[in-house]
Amino acid sequence: MSVRTPSSEQPADTVHRAGFACFVGRPNAGKSTLTNALVGQKVAITANQPQTTRHTVRGIVHRPDAQLVLVDTPGLHKPRTLLGERLNDVVRTTWAEVDVIGFCLPANEKIGPGDRYIAKELASIRKTPKIAVVTKTDLVDSKTLAEQLIAIDQLGKELGFEWAEIVPVSAVGNKQVSLLADLIVPLLPEGPALYPEGDLTDEPEQVMIAELIREAALEGVRDELPHSIAVVVEEMLPREDRPADKPLLDIHANVYIERPSQKGIIIGPKGKRLKDVGIKSRKQIEALLGTPVFLDLHVKVAKDWQRDPKQLRKLGF
């Protein structure tokens, strides 16, 4: 069994590599948190509640020797609904297209039927290297971790395949996260970068959502305020205490204008225009994300933001 710790030496590899890796695992196994930790910025929606990832979100890790494109899939589970079946299809399609699969297993939970279900599916994918990523190691002591590592090694043997690596990580404590990237890179094909330097994701949902709100806000006031509106999504959080089959995503966004006099134009008489903006953009956001949304909009003044470099940076320009 090959378990990697920080002292493991890495072979020198001077060629440039680029390719795709995906993290799979039961819902809430720490896949999105790990993607965010590797990329170094929040690109996937993370929650303490399962099933928040509805789309394949790619995070891009740029290194001098490689570009690693991370594909974050919904959690694979025994489907109970048509949406569940479709999400599982998304996962399997992704597996067939990536260069490396990382199977996330939380250190603080014993291997269960859900994990075996996924491992069995993985066993049928012969060619793709599979790394077992033991997540949430900050939640257990060394004895529990050692037992989990042995159990995971055994799981592969039972199903007739060998893990390319078994890596314990803590995304929250940032432990061994960069080591994980070091171990994935040699498994990628040689080749030039697939995305421009500086791109962190090719599907920045918050940017797309902000754009949909901005479009709706401009409708009817385009002539009066053609470039004066900027939108920033401040927060996207799944509503707590919702049943798994009735999720709700809370989105808090600010609509910025340049002068106090423009506030009334955006809000409209008795707030009607802003309400319309909310209704119209919410429908489009729900279509984009595939999940019900509660949209909270506020109008704020950012004085002459188009001419202020500090304001521009804050507003994402």
# chains A, B, ... in the order shown; residues from 1 in each chain; ligands from 1
call {"tool": "residues_around", "arguments": {"residues": "range 115-131 of chain A", "least_positions_apart": "6", "cutoff": "7 Å", "atoms": "only C-alpha atoms", "output": "number ranges by chain"}}
result
A: 25-26, 76, 99-103, 159, 161, 163-166
call {"tool": "write_last_selection", "arguments": {"atoms": "N, CA and C atoms", "output": "compact mmCIF listing (two decimals), in the first residue's frame"}}
result
# COMPACT_ATOMS: atom_id res chain seq x y z
N GLY A 25 -17.29 10.89 -4.98
CA GLY A 25 -17.52 10.45 -3.62
C GLY A 25 -18.97 10.65 -3.26
N ARG A 26 -19.32 10.14 -2.11
CA ARG A 26 -20.68 10.34 -1.64
C ARG A 26 -20.94 11.83 -1.48
N LEU A 76 -22.20 10.98 -6.28
CA LEU A 76 -22.87 9.79 -6.83
C LEU A 76 -23.59 9.08 -5.70
N ASP A 99 -8.54 12.44 -16.92
CA ASP A 99 -7.26 11.72 -16.91
C ASP A 99 -7.00 11.03 -15.57
N VAL A 100 -7.56 11.58 -14.50
CA VAL A 100 -7.35 11.03 -13.15
C VAL A 100 -8.66 11.16 -12.37
N ILE A 101 -8.97 10.13 -11.58
CA ILE A 101 -10.14 10.21 -10.71
C ILE A 101 -9.67 10.20 -9.25
N GLY A 102 -10.12 11.17 -8.48
CA GLY A 102 -9.85 11.18 -7.04
C GLY A 102 -11.10 10.78 -6.30
N PHE A 103 -11.04 9.70 -5.54
CA PHE A 103 -12.21 9.21 -4.80
C PHE A 103 -12.10 9.74 -3.37
N LEU A 159 -12.04 -5.34 -4.74
CA LEU A 159 -12.70 -5.09 -6.02
C LEU A 159 -11.76 -5.28 -7.21
N PHE A 161 -8.69 -3.86 -7.98
CA PHE A 161 -7.85 -2.80 -8.57
C PHE A 161 -6.94 -2.22 -7.51
N TRP A 163 -5.06 1.26 -6.01
CA TRP A 163 -5.05 2.72 -6.01
C TRP A 163 -3.69 3.21 -6.51
N ALA A 164 -3.70 4.24 -7.37
CA ALA A 164 -2.44 4.84 -7.81
C ALA A 164 -1.75 5.49 -6.61
N GLU A 165 -2.54 6.08 -5.72
CA GLU A 165 -2.02 6.68 -4.48
C GLU A 165 -3.15 6.65 -3.45
N ILE A 166 -2.76 6.69 -2.17
CA ILE A 166 -3.73 6.94 -1.10
C ILE A 166 -3.19 8.14 -0.33
call {"tool": "closest_residue", "arguments": {"among": "A:Lys110, A:Arg259, A:Lys314, A:His16", "to": "Leu145 in chain A", "atoms": "only C-alpha atoms"}}
result
A:Lys110
call {"tool": "residues_around", "arguments": {"residues": "Ala230 in chain A", "least_positions_apart": "3", "cutoff": "7 Å", "atoms": "only C-alpha atoms", "output": "list in words"}}
result
Arg214, Val255, Tyr256, Ile257 and Leu315 of chain A
call {"tool": "select_by_dssp", "arguments": {"residues": "range 123-236 of chain A", "states": "strand (DSSP E)", "output": "list in words"}}
result
Lys130, Ile131, Ala132, Val133, Val134, Thr135, Glu165, Ile166, Val167, Pro168, Ala230, Val231, Val232, Val233, Glu234, Glu235 and Met236 of chain A
call {"tool": "write_last_selection", "arguments": {"atoms": "C-alpha atoms", "output": "CSV table (one decimal), in the first residue's frame"}}
result
chain,number,residue,atom,x,y,z
A,130,LYS,CA,-7.6,6.3,-9.3
A,131,ILE,CA,-6.3,8.1,-6.3
A,132,ALA,CA,-8.0,7.6,-2.9
A,133,VAL,CA,-8.2,11.0,-1.2
A,134,VAL,CA,-8.9,10.7,2.6
A,135,THR,CA,-10.6,14.0,3.4
A,165,GLU,CA,-2.0,6.7,-4.5
A,166,ILE,CA,-3.7,6.9,-1.1
A,167,VAL,CA,-3.4,10.5,0.2
A,168,PRO,CA,-4.7,11.8,3.5
A,230,ALA,CA,-22.6,46.9,-11.6
A,231,VAL,CA,-23.8,43.8,-9.8
A,232,VAL,CA,-21.8,41.8,-7.2
A,233,VAL,CA,-23.0,38.5,-5.8
A,234,GLU,CA,-21.9,38.8,-2.1
A,235,GLU,CA,-23.0,35.3,-0.9
A,236,MET,CA,-24.5,32.1,-2.2
call {"tool": "residues_around", "arguments": {"residues": "Lys78 in chain A", "least_positions_apart": "3", "cutoff": "9 Å", "atoms": "only C-alpha atoms", "output": "PDB file with N, CA and C atoms, in the first residue's frame"}}
result
ATOM      1  N   GLY A  84     -31.865  12.784  -9.590  1.00  0.00           N
ATOM      2  CA  GLY A  84     -30.785  11.936  -9.056  1.00  0.00           C
ATOM      3  C   GLY A  84     -30.164  11.075 -10.133  1.00  0.00           C
ATOM      4  N   GLU A  85     -31.006  10.489 -10.975  1.00  0.00           N
ATOM      5  CA  GLU A  85     -30.494   9.644 -12.076  1.00  0.00           C
ATOM      6  C   GLU A  85     -29.662  10.474 -13.042  1.00  0.00           C
ATOM      7  N   ASN A  88     -26.312  11.294 -11.627  1.00  0.00           N
ATOM      8  CA  ASN A  88     -25.424  10.131 -11.722  1.00  0.00           C
ATOM      9  C   ASN A  88     -24.863   9.967 -13.135  1.00  0.00           C
ATOM     10  N   GLY A 114     -22.658   3.303   0.515  1.00  0.00           N
ATOM     11  CA  GLY A 114     -22.540   4.332  -0.532  1.00  0.00           C
ATOM     12  C   GLY A 114     -21.147   4.362  -1.143  1.00  0.00           C
ATOM     13  N   TYR A 117     -20.636   1.257  -3.297  1.00  0.00           N
ATOM     14  CA  TYR A 117     -21.385   1.436  -4.552  1.00  0.00           C
ATOM     15  C   TYR A 117     -20.532   2.202  -5.569  1.00  0.00           C
TER      16      TYR A 117
END
call {"tool": "closest_residue", "arguments": {"among": "A:Asp223, A:Asp89, A:Asp241, A:Asp65", "to": "Ala181 in chain A", "atoms": "only C-alpha atoms"}}
result
A:Asp65
call {"tool": "residues_around", "arguments": {"residues": "Phe294 in chain A", "least_positions_apart": "5", "cutoff": "8 Å", "atoms": "only C-alpha atoms", "output": "PDB file with C-alpha atoms, in the first residue's frame"}}
result
ATOM      1  CA  LEU A 248     -33.132  26.260  -1.600  1.00  0.00           C
ATOM      2  CA  LEU A 249     -30.154  28.455  -2.445  1.00  0.00           C
ATOM      3  CA  ASP A 250     -29.992  31.907  -0.813  1.00  0.00           C
ATOM      4  CA  ILE A 251     -28.291  34.468  -3.073  1.00  0.00           C
ATOM      5  CA  ARG A 282     -34.451  34.637 -10.323  1.00  0.00           C
TER       6      ARG A 282
END
call {"tool": "select_by_dssp", "arguments": {"residues": "range 106-275 of chain A", "states": "alpha helix (DSSP H)", "output": "JSON, numbers by chain"}}
result
{"A": [113, 114, 115, 116, 117, 118, 119, 120, 121, 122, 123, 142, 143, 144, 145, 146, 147, 148, 149, 150, 151, 152, 153, 154, 155, 156, 157, 158, 177, 178, 179, 180, 181, 182, 183, 184, 205, 206, 207, 208, 209, 210, 211, 212, 213, 214, 215, 216, 217, 218, 263, 264, 265, 266, 267, 272, 273, 274, 275]}
call {"tool": "write_last_selection", "arguments": {"atoms": "C-alpha atoms", "output": "mmCIF file, in the first residue's frame"}}
result
data_model
loop_
_atom_site.group_PDB
_atom_site.id
_atom_site.type_symbol
_atom_site.label_atom_id
_atom_site.label_comp_id
_atom_site.auth_asym_id
_atom_site.auth_seq_id
_atom_site.Cartn_x
_atom_site.Cartn_y
_atom_site.Cartn_z
ATOM 1 C CA PRO A 113 -22.614 0.996 1.370
ATOM 2 C CA GLY A 114 -22.540 4.332 -0.532
ATOM 3 C CA ASP A 115 -18.743 4.201 -0.758
ATOM 4 C CA ARG A 116 -18.797 0.557 -1.902
ATOM 5 C CA TYR A 117 -21.385 1.436 -4.552
ATOM 6 C CA ILE A 118 -19.039 4.093 -5.978
ATOM 7 C CA ALA A 119 -15.898 1.920 -5.630
ATOM 8 C CA LYS A 120 -17.638 -0.859 -7.581
ATOM 9 C CA GLU A 121 -18.459 1.618 -10.375
ATOM 10 C CA LEU A 122 -14.835 2.827 -10.312
ATOM 11 C CA ALA A 123 -13.546 -0.735 -10.601
ATOM 12 C CA SER A 142 -3.830 9.185 14.076
ATOM 13 C CA LYS A 143 -5.131 5.731 15.109
ATOM 14 C CA THR A 144 -8.518 6.273 13.417
ATOM 15 C CA LEU A 145 -6.765 7.644 10.330
ATOM 16 C CA ALA A 146 -4.450 4.600 10.120
ATOM 17 C CA GLU A 147 -7.456 2.252 10.348
ATOM 18 C CA GLN A 148 -9.237 4.152 7.579
ATOM 19 C CA LEU A 149 -6.140 4.027 5.300
ATOM 20 C CA ILE A 150 -5.905 0.233 5.730
ATOM 21 C CA ALA A 151 -9.660 -0.175 5.073
ATOM 22 C CA ILE A 152 -9.419 1.876 1.855
ATOM 23 C CA ASP A 153 -6.416 -0.125 0.626
ATOM 24 C CA GLN A 154 -8.388 -3.306 1.351
ATOM 25 C CA LEU A 155 -11.447 -1.985 -0.530
ATOM 26 C CA GLY A 156 -9.407 -1.663 -3.732
ATOM 27 C CA LYS A 157 -7.996 -5.178 -3.337
ATOM 28 C CA GLU A 158 -11.481 -6.660 -2.780
ATOM 29 C CA VAL A 177 -3.325 19.741 -0.356
ATOM 30 C CA SER A 178 -0.323 20.771 -2.479
ATOM 31 C CA LEU A 179 1.095 17.231 -2.117
ATOM 32 C CA LEU A 180 -2.138 15.934 -3.670
ATOM 33 C CA ALA A 181 -1.567 18.229 -6.676
ATOM 34 C CA ASP A 182 2.054 16.977 -6.875
ATOM 35 C CA LEU A 183 0.799 13.395 -7.089
ATOM 36 C CA ILE A 184 -1.914 14.089 -9.679
ATOM 37 C CA GLU A 205 -21.387 30.860 -11.530
ATOM 38 C CA GLN A 206 -21.300 34.018 -9.420
ATOM 39 C CA VAL A 207 -20.169 36.064 -12.423
ATOM 40 C CA MET A 208 -22.901 34.563 -14.605
ATOM 41 C CA ILE A 209 -25.527 35.199 -11.916
ATOM 42 C CA ALA A 210 -24.363 38.814 -11.509
ATOM 43 C CA GLU A 211 -24.622 39.238 -15.283
ATOM 44 C CA LEU A 212 -28.211 37.909 -15.349
ATOM 45 C CA ILE A 213 -29.207 40.344 -12.577
ATOM 46 C CA ARG A 214 -27.462 43.219 -14.374
ATOM 47 C CA GLU A 215 -29.266 42.395 -17.638
ATOM 48 C CA ALA A 216 -32.629 42.382 -15.853
ATOM 49 C CA ALA A 217 -31.790 45.643 -14.041
ATOM 50 C CA LEU A 218 -30.865 47.364 -17.317
ATOM 51 C CA LYS A 263 -31.348 54.906 -6.923
ATOM 52 C CA GLY A 264 -34.981 55.854 -7.538
ATOM 53 C CA ILE A 265 -34.710 54.879 -11.213
ATOM 54 C CA ILE A 266 -33.580 51.333 -10.356
ATOM 55 C CA ILE A 267 -35.973 50.821 -7.439
ATOM 56 C CA LYS A 272 -41.885 47.821 -8.284
ATOM 57 C CA ARG A 273 -38.983 47.918 -10.736
ATOM 58 C CA LEU A 274 -36.542 46.245 -8.315
ATOM 59 C CA LYS A 275 -39.160 43.584 -7.561
#
call {"tool": "atom_distance", "arguments": {"atom1": "CA of Lys136 in chain A", "atom2": "CA of Ala171 in chain A"}}
result
7.0 Å
call {"tool": "closest_residue", "arguments": {"among": "A:Gly30, A:Ser228, A:Gly112, A:Pro292", "to": "Asp245 in chain A", "atoms": "only C-alpha atoms"}}
result
A:Pro292
call {"tool": "decode", "arguments": {"residues": "range 154-171 of chain A", "atoms": "N, CA, C and O atoms", "output": "PDB file, in the first residue's frame"}}
result
ATOM      1  N   GLN A 154      -7.703  -2.013   1.414  1.00  0.00           N
ATOM      2  CA  GLN A 154      -8.388  -3.306   1.351  1.00  0.00           C
ATOM      3  C   GLN A 154      -9.550  -3.270   0.363  1.00  0.00           C
ATOM      4  O   GLN A 154      -9.776  -4.213  -0.397  1.00  0.00           O
ATOM      5  N   LEU A 155     -10.285  -2.156   0.363  1.00  0.00           N
ATOM      6  CA  LEU A 155     -11.447  -1.985  -0.530  1.00  0.00           C
ATOM      7  C   LEU A 155     -11.029  -2.147  -1.992  1.00  0.00           C
ATOM      8  O   LEU A 155     -11.695  -2.842  -2.764  1.00  0.00           O
ATOM      9  N   GLY A 156      -9.917  -1.523  -2.360  1.00  0.00           N
ATOM     10  CA  GLY A 156      -9.407  -1.663  -3.732  1.00  0.00           C
ATOM     11  C   GLY A 156      -9.073  -3.109  -4.052  1.00  0.00           C
ATOM     12  O   GLY A 156      -9.437  -3.627  -5.113  1.00  0.00           O
ATOM     13  N   LYS A 157      -8.394  -3.769  -3.131  1.00  0.00           N
ATOM     14  CA  LYS A 157      -7.996  -5.178  -3.337  1.00  0.00           C
ATOM     15  C   LYS A 157      -9.222  -6.075  -3.534  1.00  0.00           C
ATOM     16  O   LYS A 157      -9.251  -6.925  -4.414  1.00  0.00           O
ATOM     17  N   GLU A 158     -10.240  -5.859  -2.689  1.00  0.00           N
ATOM     18  CA  GLU A 158     -11.481  -6.660  -2.780  1.00  0.00           C
ATOM     19  C   GLU A 158     -12.107  -6.546  -4.160  1.00  0.00           C
ATOM     20  O   GLU A 158     -12.669  -7.498  -4.679  1.00  0.00           O
ATOM     21  N   LEU A 159     -12.040  -5.336  -4.740  1.00  0.00           N
ATOM     22  CA  LEU A 159     -12.701  -5.094  -6.022  1.00  0.00           C
ATOM     23  C   LEU A 159     -11.758  -5.284  -7.214  1.00  0.00           C
ATOM     24  O   LEU A 159     -12.105  -4.998  -8.349  1.00  0.00           O
ATOM     25  N   GLY A 160     -10.533  -5.735  -6.912  1.00  0.00           N
ATOM     26  CA  GLY A 160      -9.617  -6.126  -7.987  1.00  0.00           C
ATOM     27  C   GLY A 160      -8.883  -4.985  -8.671  1.00  0.00           C
ATOM     28  O   GLY A 160      -8.517  -5.087  -9.839  1.00  0.00           O
ATOM     29  N   PHE A 161      -8.688  -3.860  -7.975  1.00  0.00           N
ATOM     30  CA  PHE A 161      -7.854  -2.805  -8.570  1.00  0.00           C
ATOM     31  C   PHE A 161      -6.940  -2.215  -7.514  1.00  0.00           C
ATOM     32  O   PHE A 161      -7.167  -2.338  -6.311  1.00  0.00           O
ATOM     33  N   GLU A 162      -5.897  -1.523  -7.980  1.00  0.00           N
ATOM     34  CA  GLU A 162      -4.931  -0.919  -7.071  1.00  0.00           C
ATOM     35  C   GLU A 162      -5.036   0.592  -7.162  1.00  0.00           C
ATOM     36  O   GLU A 162      -5.114   1.151  -8.258  1.00  0.00           O
ATOM     37  N   TRP A 163      -5.061   1.263  -6.006  1.00  0.00           N
ATOM     38  CA  TRP A 163      -5.050   2.724  -6.006  1.00  0.00           C
ATOM     39  C   TRP A 163      -3.690   3.213  -6.508  1.00  0.00           C
ATOM     40  O   TRP A 163      -2.665   2.694  -6.104  1.00  0.00           O
ATOM     41  N   ALA A 164      -3.703   4.239  -7.370  1.00  0.00           N
ATOM     42  CA  ALA A 164      -2.439   4.844  -7.811  1.00  0.00           C
ATOM     43  C   ALA A 164      -1.745   5.485  -6.606  1.00  0.00           C
ATOM     44  O   ALA A 164      -0.524   5.443  -6.477  1.00  0.00           O
ATOM     45  N   GLU A 165      -2.538   6.080  -5.723  1.00  0.00           N
ATOM     46  CA  GLU A 165      -2.022   6.681  -4.477  1.00  0.00           C
ATOM     47  C   GLU A 165      -3.146   6.649  -3.447  1.00  0.00           C
ATOM     48  O   GLU A 165      -4.322   6.632  -3.804  1.00  0.00           O
ATOM     49  N   ILE A 166      -2.764   6.689  -2.174  1.00  0.00           N
ATOM     50  CA  ILE A 166      -3.733   6.935  -1.103  1.00  0.00           C
ATOM     51  C   ILE A 166      -3.192   8.142  -0.333  1.00  0.00           C
ATOM     52  O   ILE A 166      -2.092   8.089   0.206  1.00  0.00           O
ATOM     53  N   VAL A 167      -3.943   9.245  -0.357  1.00  0.00           N
ATOM     54  CA  VAL A 167      -3.434  10.495   0.214  1.00  0.00           C
ATOM     55  C   VAL A 167      -4.378  11.057   1.274  1.00  0.00           C
ATOM     56  O   VAL A 167      -5.508  11.402   0.965  1.00  0.00           O
ATOM     57  N   PRO A 168      -3.913  11.157   2.531  1.00  0.00           N
ATOM     58  CA  PRO A 168      -4.736  11.827   3.548  1.00  0.00           C
ATOM     59  C   PRO A 168      -4.577  13.346   3.432  1.00  0.00           C
ATOM     60  O   PRO A 168      -3.460  13.833   3.324  1.00  0.00           O
ATOM     61  N   VAL A 169      -5.687  14.074   3.423  1.00  0.00           N
ATOM     62  CA  VAL A 169      -5.622  15.545   3.336  1.00  0.00           C
ATOM     63  C   VAL A 169      -6.618  16.201   4.292  1.00  0.00           C
ATOM     64  O   VAL A 169      -7.595  15.578   4.697  1.00  0.00           O
ATOM     65  N   SER A 170      -6.346  17.453   4.615  1.00  0.00           N
ATOM     66  CA  SER A 170      -7.337  18.292   5.285  1.00  0.00           C
ATOM     67  C   SER A 170      -7.416  19.594   4.503  1.00  0.00           C
ATOM     68  O   SER A 170      -6.489  20.400   4.535  1.00  0.00           O
ATOM     69  N   ALA A 171      -8.504  19.763   3.766  1.00  0.00           N
ATOM     70  CA  ALA A 171      -8.672  20.990   2.976  1.00  0.00           C
ATOM     71  C   ALA A 171      -8.841  22.187   3.905  1.00  0.00           C
ATOM     72  O   ALA A 171      -8.319  23.268   3.653  1.00  0.00           O
TER      73      ALA A 171
END
